[in-house]
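Note: the block below is target_15.txt and it holds compact mmCIF, C-alpha atoms and all ligand atoms.
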# COMPACT_ATOMS: atom_id res chain seq x y z
CA MET A 1 18.31 -24.72 19.02
CA ASP A 2 17.48 -23.67 15.46
CA ALA A 3 14.78 -25.25 13.33
CA VAL A 4 17.25 -27.25 11.27
CA SER A 5 18.98 -29.00 14.16
CA ALA A 6 15.92 -29.43 16.38
CA PRO A 7 14.92 -33.08 16.64
CA PRO A 8 11.49 -33.95 15.25
CA PRO A 9 8.76 -33.88 17.90
CA ALA A 10 8.71 -37.04 19.97
CA ALA A 11 5.35 -38.77 19.76
CA VAL A 12 6.42 -41.17 22.43
CA GLU A 13 9.06 -40.55 25.02
CA ILE A 14 10.14 -43.29 27.40
CA VAL A 15 12.14 -42.22 30.44
CA ALA A 16 14.02 -44.68 32.68
CA LEU A 17 11.24 -47.20 32.05
CA THR A 18 11.58 -50.33 34.17
CA LYS A 19 9.56 -53.51 34.59
CA ARG A 20 10.23 -56.02 37.33
CA TYR A 21 7.80 -58.94 37.27
CA ALA A 22 8.97 -60.19 40.67
CA ALA A 23 10.77 -58.50 43.55
CA GLY A 24 14.48 -59.27 43.44
CA ALA A 25 14.30 -60.70 39.90
CA GLN A 26 16.37 -59.29 37.03
CA PRO A 27 14.22 -56.53 35.45
CA ALA A 28 12.55 -57.55 32.17
CA VAL A 29 13.02 -53.91 31.09
CA ASP A 30 15.76 -51.97 32.83
CA GLN A 31 15.68 -48.16 32.92
CA ILE A 32 15.40 -47.65 29.19
CA ASP A 33 15.24 -44.21 27.58
CA LEU A 34 13.83 -43.76 24.09
CA ARG A 35 12.34 -41.01 21.92
CA ILE A 36 10.15 -42.06 19.01
CA ALA A 37 9.55 -39.30 16.48
CA SER A 38 6.00 -38.35 15.61
CA GLY A 39 4.80 -40.01 12.41
CA SER A 40 7.69 -42.46 12.27
CA TYR A 41 7.83 -46.24 11.99
CA CYS A 42 9.73 -47.67 14.92
CA CYS A 43 10.64 -51.35 15.26
CA LEU A 44 11.58 -52.85 18.62
CA LEU A 45 13.83 -55.74 17.75
CA GLY A 46 15.65 -58.40 19.72
CA PRO A 47 15.83 -62.07 20.64
CA SER A 48 13.13 -63.85 22.59
CA GLY A 49 12.92 -62.58 26.15
CA CYS A 50 14.78 -59.29 25.55
CA GLY A 51 11.85 -57.24 26.86
CA LYS A 52 10.41 -55.83 23.64
CA SER A 53 6.82 -57.06 24.21
CA THR A 54 6.92 -55.94 27.83
CA THR A 55 7.98 -52.47 26.65
CA LEU A 56 5.14 -52.35 24.12
CA ARG A 57 2.59 -53.58 26.65
CA MET A 58 3.66 -50.88 29.12
CA VAL A 59 3.17 -48.22 26.41
CA ALA A 60 -0.25 -49.74 25.62
CA GLY A 61 -1.28 -49.74 29.27
CA HIS A 62 -1.67 -53.53 29.33
CA GLU A 63 1.19 -53.94 31.80
CA SER A 64 1.93 -51.89 34.90
CA VAL A 65 5.15 -49.88 35.08
CA SER A 66 7.58 -50.61 37.94
CA ALA A 67 9.43 -47.28 37.52
CA GLY A 68 9.91 -44.54 34.96
CA ASP A 69 7.57 -42.60 32.69
CA ILE A 70 5.86 -42.82 29.31
CA LEU A 71 4.90 -39.58 27.58
CA LEU A 72 2.72 -39.21 24.50
CA ASP A 73 3.02 -35.76 22.93
CA ASN A 74 4.44 -34.49 26.24
CA ARG A 75 1.45 -35.85 28.19
CA ASN A 76 2.38 -38.30 30.91
CA ILE A 77 0.32 -41.43 30.22
CA THR A 78 2.19 -43.79 32.56
CA ASN A 79 -0.77 -44.45 34.83
CA LEU A 80 -3.68 -43.85 32.47
CA PRO A 81 -5.99 -46.73 31.53
CA ALA A 82 -5.31 -48.22 28.09
CA ALA A 83 -8.41 -46.69 26.51
CA ALA A 84 -7.50 -43.16 27.61
CA ARG A 85 -3.94 -43.08 26.20
CA GLY A 86 -4.37 -42.35 22.51
CA THR A 87 -2.76 -45.68 21.62
CA ALA A 88 -4.25 -48.79 20.02
CA MET A 89 -2.86 -52.27 19.79
CA MET A 90 -2.82 -54.81 16.98
CA PHE A 91 -2.00 -58.33 18.11
CA GLN A 92 -0.11 -61.27 16.65
CA SER A 93 -3.17 -63.43 15.96
CA PHE A 94 -5.27 -60.33 15.20
CA ALA A 95 -7.59 -61.44 18.07
CA LEU A 96 -10.74 -60.98 15.99
CA PHE A 97 -14.02 -62.22 17.47
CA PRO A 98 -14.87 -65.32 15.41
CA HIS A 99 -18.65 -64.98 15.79
CA LEU A 100 -18.77 -61.34 14.62
CA SER A 101 -18.67 -60.03 11.06
CA ALA A 102 -15.75 -57.89 9.93
CA LEU A 103 -18.00 -54.85 10.33
CA ASP A 104 -19.01 -55.73 13.89
CA ASN A 105 -15.41 -56.55 14.80
CA VAL A 106 -14.34 -53.08 13.67
CA ALA A 107 -17.33 -51.40 15.35
CA PHE A 108 -16.89 -53.32 18.61
CA SER A 109 -15.07 -50.70 20.66
CA LEU A 110 -17.62 -48.04 19.65
CA LYS A 111 -20.37 -50.36 20.91
CA MET A 112 -18.50 -50.52 24.22
CA LYS A 113 -18.63 -46.72 24.27
CA SER A 114 -22.40 -46.84 23.60
CA VAL A 115 -22.12 -45.13 20.22
CA ALA A 116 -25.45 -45.56 18.35
CA LYS A 117 -25.57 -48.51 15.95
CA ALA A 118 -26.01 -46.47 12.74
CA GLU A 119 -23.08 -44.22 13.62
CA ARG A 120 -20.71 -47.04 14.62
CA HIS A 121 -21.56 -48.98 11.46
CA ARG A 122 -20.98 -45.90 9.32
CA ARG A 123 -17.56 -45.33 10.87
CA ALA A 124 -16.61 -49.01 10.71
CA LYS A 125 -17.67 -49.20 7.04
CA ASN A 126 -15.57 -46.13 6.24
CA LEU A 127 -12.51 -47.69 7.80
CA LEU A 128 -13.06 -51.04 6.09
CA GLU A 129 -13.28 -49.22 2.78
CA ARG A 130 -10.07 -47.42 3.58
CA VAL A 131 -8.25 -50.74 3.93
CA ALA A 132 -9.95 -52.11 0.77
CA MET A 133 -12.22 -54.44 2.74
CA GLY A 134 -15.59 -52.67 2.29
CA HIS A 135 -16.91 -55.41 0.02
CA LEU A 136 -16.24 -58.13 2.63
CA ALA A 137 -17.75 -56.31 5.61
CA GLU A 138 -20.32 -59.03 6.32
CA ARG A 139 -17.84 -61.93 6.31
CA LYS A 140 -16.79 -63.67 9.54
CA PRO A 141 -13.01 -63.93 10.24
CA ALA A 142 -12.94 -67.64 9.27
CA GLU A 143 -14.17 -66.64 5.80
CA LEU A 144 -11.26 -64.24 5.30
CA SER A 145 -7.64 -64.87 4.28
CA GLY A 146 -4.81 -64.06 6.68
CA GLY A 147 -4.07 -60.81 4.85
CA GLN A 148 -7.74 -59.80 4.89
CA GLN A 149 -7.96 -60.56 8.61
CA GLN A 150 -4.96 -58.32 9.14
CA ARG A 151 -6.71 -55.46 7.38
CA VAL A 152 -9.80 -55.95 9.56
CA ALA A 153 -7.56 -55.97 12.65
CA LEU A 154 -5.97 -52.72 11.47
CA ALA A 155 -9.36 -51.10 10.87
CA ARG A 156 -10.47 -52.25 14.31
CA ALA A 157 -7.41 -50.68 15.92
CA LEU A 158 -7.88 -47.43 14.01
CA ILE A 159 -11.53 -46.90 14.95
CA THR A 160 -10.50 -45.38 18.27
CA GLU A 161 -8.49 -42.75 16.30
CA PRO A 162 -5.18 -43.45 18.04
CA ARG A 163 -2.09 -41.27 17.67
CA VAL A 164 0.14 -44.28 18.06
CA LEU A 165 -0.48 -47.78 16.75
CA LEU A 166 1.26 -50.57 18.65
CA LEU A 167 1.85 -53.80 16.75
CA ASP A 168 2.98 -56.97 18.52
CA GLU A 169 4.52 -59.38 15.96
CA PRO A 170 1.63 -58.58 13.58
CA LEU A 171 3.01 -60.64 10.69
CA SER A 172 4.17 -63.78 12.45
CA ALA A 173 0.91 -65.71 11.87
CA LEU A 174 1.20 -65.27 8.09
CA ASP A 175 2.98 -67.53 5.63
CA PRO A 176 6.29 -66.18 4.30
CA PHE A 177 4.91 -64.97 0.97
CA LEU A 178 1.98 -63.12 2.54
CA ARG A 179 4.24 -61.75 5.26
CA ILE A 180 6.32 -59.87 2.70
CA GLN A 181 3.20 -58.61 0.94
CA MET A 182 1.56 -57.47 4.17
CA ARG A 183 4.66 -55.76 5.46
CA ALA A 184 4.63 -53.57 2.36
CA GLU A 185 0.98 -52.78 3.12
CA LEU A 186 1.78 -51.92 6.73
CA ARG A 187 4.46 -49.52 5.58
CA ARG A 188 2.10 -47.91 3.06
CA TRP A 189 -0.68 -47.55 5.63
CA GLN A 190 1.66 -45.97 8.13
CA LYS A 191 2.76 -43.36 5.59
CA GLU A 192 -0.80 -42.70 4.40
CA LEU A 193 -2.24 -42.40 7.88
CA GLY A 194 0.70 -40.35 9.17
CA LEU A 195 0.52 -42.17 12.50
CA THR A 196 3.38 -43.29 14.71
CA PHE A 197 3.77 -47.08 14.53
CA ILE A 198 5.68 -49.06 17.15
CA HIS A 199 6.14 -52.60 15.90
CA VAL A 200 7.67 -55.46 17.87
CA THR A 201 9.47 -58.15 15.93
CA HIS A 202 12.25 -60.68 16.40
CA SER A 203 13.01 -60.56 12.67
CA GLN A 204 15.94 -58.43 11.58
CA GLU A 205 14.76 -58.59 8.00
CA GLU A 206 11.28 -57.35 8.91
CA ALA A 207 12.67 -54.48 10.98
CA MET A 208 15.09 -53.48 8.21
CA ALA A 209 12.28 -53.47 5.65
CA LEU A 210 9.86 -51.43 7.74
CA ALA A 211 11.57 -49.17 10.19
CA ASP A 212 12.59 -45.54 10.08
CA THR A 213 14.11 -46.26 13.47
CA MET A 214 15.27 -49.62 14.77
CA VAL A 215 15.69 -50.20 18.49
CA VAL A 216 17.79 -53.28 19.20
CA MET A 217 17.19 -54.71 22.68
CA ASN A 218 18.99 -57.35 24.71
CA HIS A 219 18.37 -58.49 28.30
CA GLY A 220 15.99 -55.61 29.01
CA LEU A 221 18.44 -52.97 27.77
CA ILE A 222 18.70 -50.98 24.55
CA GLU A 223 21.85 -51.90 22.63
CA GLN A 224 21.41 -49.51 19.71
CA VAL A 225 18.95 -47.04 18.19
CA GLY A 226 19.30 -45.93 14.57
CA SER A 227 18.08 -46.21 11.01
CA PRO A 228 18.38 -49.67 9.43
CA HIS A 229 21.35 -48.37 7.43
CA GLN A 230 23.10 -47.04 10.54
CA VAL A 231 22.51 -50.19 12.55
CA TYR A 232 23.56 -52.54 9.75
CA ASN A 233 26.60 -50.55 8.69
CA HIS A 234 27.73 -49.38 12.12
CA PRO A 235 26.69 -52.00 14.67
CA ALA A 236 27.37 -50.58 18.12
CA SER A 237 28.38 -53.82 19.82
CA GLU A 238 29.26 -57.45 19.24
CA PHE A 239 25.71 -58.38 20.20
CA VAL A 240 24.21 -56.12 17.51
CA ALA A 241 26.68 -57.28 14.84
CA ARG A 242 25.94 -60.93 15.55
CA PHE A 243 22.20 -60.45 16.01
CA MET A 244 21.81 -58.52 12.76
CA GLY A 245 23.68 -61.27 10.92
CA GLY A 246 25.82 -60.84 7.82
CA HIS A 247 28.80 -59.77 9.96
CA ASN A 248 31.98 -61.42 11.17
CA VAL A 249 33.48 -60.34 14.48
CA PHE A 250 37.28 -60.33 14.92
CA ALA A 251 39.34 -59.62 18.01
CA LEU A 252 42.19 -57.24 17.25
CA ASN A 253 44.81 -55.80 19.59
CA ASP A 254 42.76 -52.67 20.20
CA GLY A 255 39.36 -54.31 20.48
CA LEU A 256 36.64 -56.05 18.54
CA VAL A 257 35.74 -55.17 14.96
CA ALA A 258 32.86 -56.26 12.74
CA VAL A 259 33.25 -56.78 9.01
CA ARG A 260 30.28 -57.43 6.74
CA ASN A 261 30.56 -60.83 5.09
CA ASP A 262 30.04 -59.28 1.64
CA HIS A 263 33.04 -57.01 2.32
CA MET A 264 35.42 -59.87 3.08
CA ARG A 265 38.19 -60.91 0.73
CA ILE A 266 39.03 -64.56 0.28
CA ALA A 267 42.03 -66.10 -1.49
CA PRO A 268 43.51 -69.61 -1.68
CA SER A 269 46.35 -70.15 0.83
CA THR A 270 48.62 -71.35 -1.90
CA GLY A 271 48.03 -68.41 -4.23
CA GLU A 272 49.27 -64.84 -4.26
CA ALA A 273 47.80 -64.28 -0.76
CA GLY A 274 50.78 -66.26 0.59
CA ASP A 275 50.73 -65.89 4.36
CA MET A 276 48.87 -62.56 4.29
CA GLY A 277 45.54 -62.45 6.06
CA VAL A 278 43.82 -64.79 8.45
CA PRO A 279 44.08 -68.55 7.87
CA ALA A 280 40.78 -70.43 7.67
CA HIS A 281 39.26 -73.44 6.02
CA VAL A 282 35.97 -73.83 4.17
CA THR A 283 33.33 -75.82 6.06
CA ASP A 284 30.29 -75.38 3.87
CA ILE A 285 29.08 -73.75 0.71
CA GLU A 286 25.51 -72.56 0.30
CA TYR A 287 24.28 -71.62 -3.14
CA GLN A 288 21.70 -68.83 -2.75
CA GLY A 289 21.11 -67.86 -6.37
CA THR A 290 22.43 -64.32 -6.69
CA TYR A 291 25.01 -65.03 -3.98
CA VAL A 292 27.05 -67.91 -2.66
CA LEU A 293 27.58 -68.05 1.10
CA ILE A 294 30.83 -69.67 2.15
CA GLY A 295 31.04 -70.91 5.75
CA LEU A 296 34.52 -71.10 7.28
CA ARG A 297 36.39 -71.82 10.49
CA LEU A 298 39.32 -69.67 11.53
CA THR A 299 42.46 -71.64 12.28
CA GLY A 300 43.50 -71.58 15.94
CA GLU A 301 40.50 -69.58 17.20
CA ARG A 302 38.23 -70.75 20.05
CA PRO A 303 35.36 -72.85 18.60
CA GLU A 304 32.63 -70.42 19.68
CA ARG A 305 34.40 -67.57 17.90
CA SER A 306 35.86 -69.36 14.93
CA GLY A 307 32.81 -69.48 12.66
CA VAL A 308 32.84 -66.80 9.95
CA SER A 309 31.28 -66.40 6.53
CA VAL A 310 32.03 -64.80 3.21
CA LEU A 311 29.31 -63.78 0.77
CA LEU A 312 30.38 -63.74 -2.87
CA SER A 313 28.37 -62.87 -5.93
CA GLU A 314 27.52 -65.94 -7.98
CA GLN A 315 29.77 -64.62 -10.75
CA THR A 316 32.77 -64.12 -8.45
CA PHE A 317 32.33 -67.58 -6.98
CA LEU A 318 32.03 -69.25 -10.36
CA SER A 319 35.16 -67.49 -11.62
CA ARG A 320 37.12 -69.02 -8.74
CA PRO A 321 35.09 -71.76 -6.98
CA TYR A 322 36.00 -73.06 -3.51
CA GLU A 323 35.30 -76.47 -2.07
CA VAL A 324 34.69 -77.74 1.43
CA GLY A 325 38.07 -78.39 3.06
CA ASP A 326 39.97 -75.73 1.08
CA SER A 327 42.55 -73.74 3.04
CA VAL A 328 42.16 -70.01 2.46
CA ARG A 329 43.28 -66.61 3.70
CA LEU A 330 40.76 -63.96 4.68
CA SER A 331 41.30 -60.23 4.69
CA TRP A 332 39.42 -56.95 4.43
CA SER A 333 39.97 -53.31 3.84
CA GLU A 334 40.56 -51.30 7.00
CA THR A 335 37.73 -48.94 5.99
CA ASP A 336 35.30 -51.89 6.14
CA ALA A 337 36.18 -52.79 9.74
CA ARG A 338 33.78 -51.26 12.28
CA ALA A 339 35.10 -50.89 15.81
CA LEU A 340 32.59 -52.37 18.27
CA GLY A 341 31.75 -50.77 21.59
CA PRO A 342 31.18 -52.63 24.83
CA GLY A 343 27.39 -52.86 24.41
CA ALA A 344 24.70 -51.87 26.87
CA THR A 345 25.48 -52.55 30.51
CA ARG A 346 23.48 -52.26 33.70
CA PRO A 347 24.65 -49.65 36.17
CA GLY A 348 27.58 -51.06 38.15
CA GLU A 349 28.35 -53.85 35.68
CA PRO A 350 31.55 -53.91 33.63
CA GLY A 351 31.13 -53.59 29.84
CA ASN A 352 30.87 -56.74 27.70
CA GLY A 353 33.86 -55.55 25.76
CA SER A 354 35.96 -54.78 28.81
CA ALA A 355 39.49 -56.11 28.76
CA ALA A 356 38.53 -58.89 31.18
CA SER A 357 35.78 -60.32 28.98
CA ARG A 358 37.44 -59.84 25.63
CA PRO A 359 39.13 -62.82 23.98
CA ALA A 360 42.86 -62.82 23.37
CA PRO A 361 43.56 -60.80 20.24
CA MET A 362 44.66 -62.60 17.13
CA ALA A 363 48.13 -61.40 16.33
CA ALA A 364 47.80 -62.17 12.65
CA LEU A 365 44.61 -60.14 12.38
CA ALA A 366 46.06 -57.21 14.21
CA ALA A 367 49.09 -57.16 11.96
CA MET A 368 46.98 -57.41 8.83
CA ALA A 369 44.41 -54.75 9.69
CA ALA A 370 46.97 -52.28 11.07
N1 LIG B 1 3.77 -61.99 32.82
C1 LIG B 1 5.04 -62.27 33.09
N2 LIG B 1 5.42 -62.70 34.31
C2 LIG B 1 6.72 -62.94 34.61
N3 LIG B 1 7.73 -62.78 33.72
C3 LIG B 1 7.43 -62.36 32.49
C4 LIG B 1 6.06 -62.08 32.10
N4 LIG B 1 6.07 -61.67 30.81
C5 LIG B 1 7.36 -61.69 30.41
N5 LIG B 1 8.16 -62.11 31.41
C6 LIG B 1 9.64 -62.24 31.36
O1 LIG B 1 10.18 -60.96 31.03
C7 LIG B 1 11.25 -61.08 30.10
C8 LIG B 1 10.91 -60.28 28.85
O2 LIG B 1 9.77 -60.86 28.23
P1 LIG B 1 9.12 -60.22 26.92
O3 LIG B 1 7.88 -61.01 26.61
O4 LIG B 1 8.98 -58.78 27.08
O5 LIG B 1 10.25 -60.53 25.85
P2 LIG B 1 10.19 -60.49 24.28
O6 LIG B 1 11.47 -59.88 23.87
O7 LIG B 1 8.95 -59.83 23.82
O8 LIG B 1 10.16 -62.03 23.94
P3 LIG B 1 9.32 -62.83 22.83
O9 LIG B 1 9.88 -62.42 21.50
O10 LIG B 1 9.61 -64.26 23.17
O11 LIG B 1 7.88 -62.45 23.03
C9 LIG B 1 11.41 -62.57 29.85
O12 LIG B 1 12.44 -63.03 30.68
C10 LIG B 1 10.08 -63.15 30.25
O13 LIG B 1 10.22 -64.48 30.70

Output the structure of this file as structure tokens.
Amino acid sequence: MDAVSAPPPAAVEIVALTKRYAAGAQPAVDQIDLRIASGSYCCLLGPSGCGKSTTLRMVAGHESVSAGDILLDNRNITNLPAAARGTAMMFQSFALFPHLSALDNVAFSLKMKSVAKAERHRRAKNLLERVAMGHLAERKPAELSGGQQQRVALARALITEPRVLLLDEPLSALDPFLRIQMRAELRRWQKELGLTFIHVTHSQEEAMALADTMVVMNHGLIEQVGSPHQVYNHPASEFVARFMGGHNVFALNDGLVAVRNDHMRIAPSTGEAGDMGVPAHVTDIEYQGTYVLIGLRLTGERPERSGVSVLLSEQTFLSRPYEVGDSVRLSWSETDARALGPGATRPGEPGNGSAASRPAPMAALAAMAA
């Protein structure tokens, strides 16, 4: 393989990693394979219970592995104790000791390693300065804002000089405004430090904003791995399209397709659209400022599949407003329809998009998109 096509070195490689909490139970993580490039920001994303925290905890060494391997820079760390792996973890609530100052919180793990007081304070002070917290080193966590506590938690994780920083929902305890501010800081720190970050979140928006690589999980399996742009513009399966949001899923003769709601066309049924396109009616209209989100139901589609949306610019909407109850026709350009694959399946199980599980195709859609 030449230098151009060689993949970047994998900081973390996960091979057939499996976690079964109880014998006979469905695995929480089921034989997943994943390579995370050195120095990249990776987000593990998925709904509650999909196995993302279990995966992170196995990499951290806080959870035993049922089967498979975890490699860090080609070193097998699967059975090493957490402290010997070269990873560090930053938790949701930051888990700072309330009775210790910021400085002592950061220095804590060096104390556990019997590093002399002067040396551990020097190193802790250095790190606090690096995250712009040097001037608040003597404060207790309760005397710090959420964002400041996060910086202390980061400094505390970094004091062990990890190669990989593991972050479990690190922003979820913050209010929405601070969350956006701190996610920009996390991204900046990751670039500055040049470390590999693996960040667990259930928020699509957070993963899109932060990740070089997004890993979308569902039921202990990986549905898709790719850049935010790849995942958003080419969802691999119906699950990914629906989970990412902003997409409509349509059943055509040759399978399911996803169409972004800002790529949809909408026209009144009575206008020039005539009987072209898919009939639907408007169920709600949400003014979002720059955009207007129109909620619709497809005519004659099963209830669980009939909900779709169209996102129009404010200007487009105002030039031709719709009202709840309006009958419309929906269409899209063929180049905006993304064919969806069957999604991740366990060995021996049929695909989610197999003919048996797929809904009956909508003849009108098929004719229109052909
Ligand atoms: N200690 C445990 N004992 C038994 N089952 C567990 C344990 N921890 C997690 N599970 C189960 O494993 C599955 C995956 O859980 P996990 O916490 O990894 O999911 P998650 O995607 O991180 O969810 P969340 O976003 O809610 O934290 C779930 O079905 C969960 O109930």

Using the file's own x, y and z axes, what box holds all listed atoms of ligand LIG 1 (chain B) with 3 Å on each side, keeping edges along x, y and z, and what are its centre and edge lengths in Å to one decimal, as AutoDock Vina command-line options?
--center_x 8.1 --center_y -61.6 --center_z 28.1 --size_x 14.7 --size_y 11.7 --size_z 19.1

List the spatial neighbours of Gly39 (chain A) as an MDAnalysis selection string - criterion: any atom at most 12 Å away, all atoms listed in the file, same-chain residues fewer than 5 positions off excluded.
chainID A and resid 8:12 73 162:165 187 189:198 211:213

Close residues to ligand LIG 1 (chain B) using all atoms listed in the file, limit 10 Å, as a PyMOL selection string
chain A and resi 19-22+25-29+44-58+63+168-169+200-203+217-220

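Only residues having an atom at most 9 Å from (30.5, -58.0, 11.3) are included; using only C-alpha atoms, these are Tyr232, Asn233, Pro235, Glu238, Ala241, Arg242, Met244, Gly245, Gly246, His247, Asn248, Val249, Phe250, Val257, Ala258, Val259, Arg260, Asn261, Ala337 and Arg338 of chain A.
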
Counting all atoms listed in the file, what is within 8 Å of region 296-304 of chain A, bar same-chain residues fewer than 4 positions away, as a list of chain:residue names?
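Listed by chain and then number, they are A:Val278, A:Pro279, A:Ala280, A:His281, A:Val282, A:Thr283, A:Asp284, A:Val308, A:Ser309, A:Val310.
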
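Within 9 Å of Tyr322 (chain A), once all atoms listed in the file are used and residues closer than 2 positions along the same chain are dropped, the contacting residues are Pro268, Val282, Ile285, Ile294, Phe317, Leu318, Arg320, Val324, Gly325 and Asp326 of chain A.
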
Write out the residues from the selection above, keeping C-alpha atoms, as a JSON list (two decimals), keeping the file's coordinate frame.
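selection_31.json, written as the output of this step:
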[["chain", "number", "residue", "atom", "x", "y", "z"],
["A", 268, "PRO", "CA", 43.51, -69.61, -1.68],
["A", 282, "VAL", "CA", 35.97, -73.83, 4.17],
["A", 285, "ILE", "CA", 29.08, -73.75, 0.71],
["A", 294, "ILE", "CA", 30.83, -69.67, 2.15],
["A", 317, "PHE", "CA", 32.33, -67.58, -6.98],
["A", 318, "LEU", "CA", 32.03, -69.25, -10.36],
["A", 320, "ARG", "CA", 37.12, -69.02, -8.74],
["A", 324, "VAL", "CA", 34.69, -77.74, 1.43],
["A", 325, "GLY", "CA", 38.07, -78.39, 3.06],
["A", 326, "ASP", "CA", 39.97, -75.73, 1.08]]
